Amino acid sequence: MSRELVIAGRRIADDTDTYVIAEVGHNHQGSVEKCKEMIDAAVACGCDAVKLQKRENRSLFTKQMYESSYNSENAFGSTYGEHREALEFDDKQYVELANYCKQKGISFFSTAFDFESADFLHALDMPAFKIASGDIINTPLLEYVAKLGKPMIVSTGGATMDDVKRAYETIMPINRQLCILQCTAGYPPAWEELNLRVIETYRKAFPDIVIGFSSHDSGISMPLVGYVLGSRMVEKHFTLDRTMKGTDHAFSLEPVGMRKLVRDLRRARVAMGDGVKKQYKSEEKPLFKMAKKLVAARDLPAGHVLSREDIAIKSPNDGLPPYQINAVIGQKLTAALSADDNISFETLARA
């Protein structure tokens, strides 16, 4: 059964490179110009897409939560509502950023946290929709976004397998363009909580969709492990400076890290190969020096019957390989050999 997803013309499947999403989130700190800098950096790193987050904060949170005091060192407002609004781009800014990404040749989409945001992003003709881990149990939103007909990427942090299956069964009858991401909703999670083998579990449970990895850890190696286990999409939080103010910066990748991640993922696909053990042209010269052959251990006269003591194993590798040693022991020389001369079947006869 084929598992394949296409986002803005980019095919994602088991035989392709990993689709790399630079998760900007709100690391832009509410600045369009800073966001553009991050887009430029993501392009330079070789990422496939840049992703933001879209919320209609007034309708998304209860009045009590929206107006609750927010005293975090990462706060951009005195209440949680003010904090969220300070980090939220308006419609005009989104249009500007969408156009900027088109100019730069990188896909641009967003997480839709509510129905209004989904409608707005759909009107902007986003090439895909992301669904956050917290909404994997929000079947009304899953159904609503599925009906918009665009590829869906669903994170599964904090979910049970029943939650994931429910989401899959909600979306697939409506929209088969689905990717499910293994995710642990810690920021960052402990290493032992990454549970990367869930990628294998998802591949077995959902053989008809692409499986990926939303990597909330602070390094670049875990997506490579995910690739080997079958992940073909990775979402990684991205920042220009990990010391900047904001909750996500500390575990995000800076450009140098993202560039290395993309590089290593591209190398991984090529390095995995076809599984057929073979010798490569590039190995011939090193093996000429390193591998060995059978030679005369000392001067030997014609007619001499070879014993083990008459045979030495030496480099270079331009004669009989050592695994032929038992085939030449007990054979008679038809010509004299000097020390270090090659032993060959042409100069041997049965004793």
# chains A, B, ... in the order shown; residues from 1 in each chain; ligands from 1
>>> residues_around(residues="stretch 150-156 of chain A", least_positions_apart="5", cutoff="9 Å", atoms="only C-alpha atoms", output="number ranges by chain")
A: 5-7, 122, 126-136, 145, 163-164, 167, 171, 175-185, 212-214
>>> write_last_selection(atoms="C-alpha atoms", output="PDB file, in the first residue's frame")
ATOM      1  CA  LEU A   5       1.512  13.124   0.419  1.00  0.00           C
ATOM      2  CA  VAL A   6       1.997  16.103  -1.894  1.00  0.00           C
ATOM      3  CA  ILE A   7       2.347  19.640  -0.504  1.00  0.00           C
ATOM      4  CA  HIS A 122      -8.114  28.634   3.691  1.00  0.00           C
ATOM      5  CA  MET A 126      -2.483  27.698   2.330  1.00  0.00           C
ATOM      6  CA  PRO A 127      -1.019  24.520   0.781  1.00  0.00           C
ATOM      7  CA  ALA A 128      -1.528  22.519   3.990  1.00  0.00           C
ATOM      8  CA  PHE A 129      -2.994  22.726   7.477  1.00  0.00           C
ATOM      9  CA  LYS A 130      -1.276  21.788  10.717  1.00  0.00           C
ATOM     10  CA  ILE A 131      -3.312  20.577  13.678  1.00  0.00           C
ATOM     11  CA  ALA A 132      -1.686  20.974  17.089  1.00  0.00           C
ATOM     12  CA  SER A 133      -1.419  18.128  19.595  1.00  0.00           C
ATOM     13  CA  GLY A 134      -4.006  19.729  21.841  1.00  0.00           C
ATOM     14  CA  ASP A 135      -6.626  19.406  19.106  1.00  0.00           C
ATOM     15  CA  ILE A 136      -6.204  15.725  18.335  1.00  0.00           C
ATOM     16  CA  VAL A 145     -10.421  21.280   8.385  1.00  0.00           C
ATOM     17  CA  ASP A 163      -6.953   9.242  20.430  1.00  0.00           C
ATOM     18  CA  VAL A 164      -4.746   8.862  17.358  1.00  0.00           C
ATOM     19  CA  ALA A 167      -8.425  11.269  14.686  1.00  0.00           C
ATOM     20  CA  ILE A 171     -10.220  12.562   8.895  1.00  0.00           C
ATOM     21  CA  ASN A 175      -9.709  13.696   3.303  1.00  0.00           C
ATOM     22  CA  ARG A 176      -7.033  11.082   2.636  1.00  0.00           C
ATOM     23  CA  GLN A 177      -4.244  13.673   2.463  1.00  0.00           C
ATOM     24  CA  LEU A 178      -2.983  13.053   5.978  1.00  0.00           C
ATOM     25  CA  CYS A 179       0.337  12.890   7.813  1.00  0.00           C
ATOM     26  CA  ILE A 180       0.500  11.929  11.485  1.00  0.00           C
ATOM     27  CA  LEU A 181       3.479  13.094  13.544  1.00  0.00           C
ATOM     28  CA  GLN A 182       4.858  11.337  16.585  1.00  0.00           C
ATOM     29  CA  CYS A 183       5.245  14.085  19.186  1.00  0.00           C
ATOM     30  CA  THR A 184       5.838  14.475  22.896  1.00  0.00           C
ATOM     31  CA  ALA A 185       4.290  17.691  24.158  1.00  0.00           C
ATOM     32  CA  GLY A 212       6.549  12.003  10.630  1.00  0.00           C
ATOM     33  CA  PHE A 213       8.090  13.420  13.781  1.00  0.00           C
ATOM     34  CA  SER A 214       7.514  16.703  15.590  1.00  0.00           C
TER      35      SER A 214
END
>>> residues_around(residues="A:Leu261", least_positions_apart="2", cutoff="8 Å", atoms="only C-alpha atoms", output="list in words")
Ile220, Ser221, Pro223, Gly257, Met258, Arg259, Arg263, Asp264 and Leu265 of chain A
>>> closest_residue(among="A:Ile21, A:Cys101, A:Val328, A:Cys35", to="A:Glu88", atoms="only C-alpha atoms")
A:Cys35
>>> residues_around(residues="A:Arg84", least_positions_apart="5", cutoff="9 Å", atoms="only C-alpha atoms", output="PyMOL selection string")
chain A and resi 55+57+66+75-77+79
>>> residues_around(residues="A:Ile39", least_positions_apart="2", cutoff="12 Å", atoms="only C-alpha atoms", output="MDAnalysis selection string")
chainID A and resid 21:25 27:28 32:37 41:52 97:108 238:240 255
>>> closest_atom_pairs(of="stretch 217-245 of chain A", to="stretch 12-18 of chain A", cutoff="7 Å", atoms="only C-alpha atoms", output="tab-separated table")
residue	atom	partner	partner_atom	distance
A:Arg232	CA	A:Thr18	CA	4.4
A:Met233	CA	A:Thr18	CA	5.1
A:Val234	CA	A:Thr18	CA	6.8
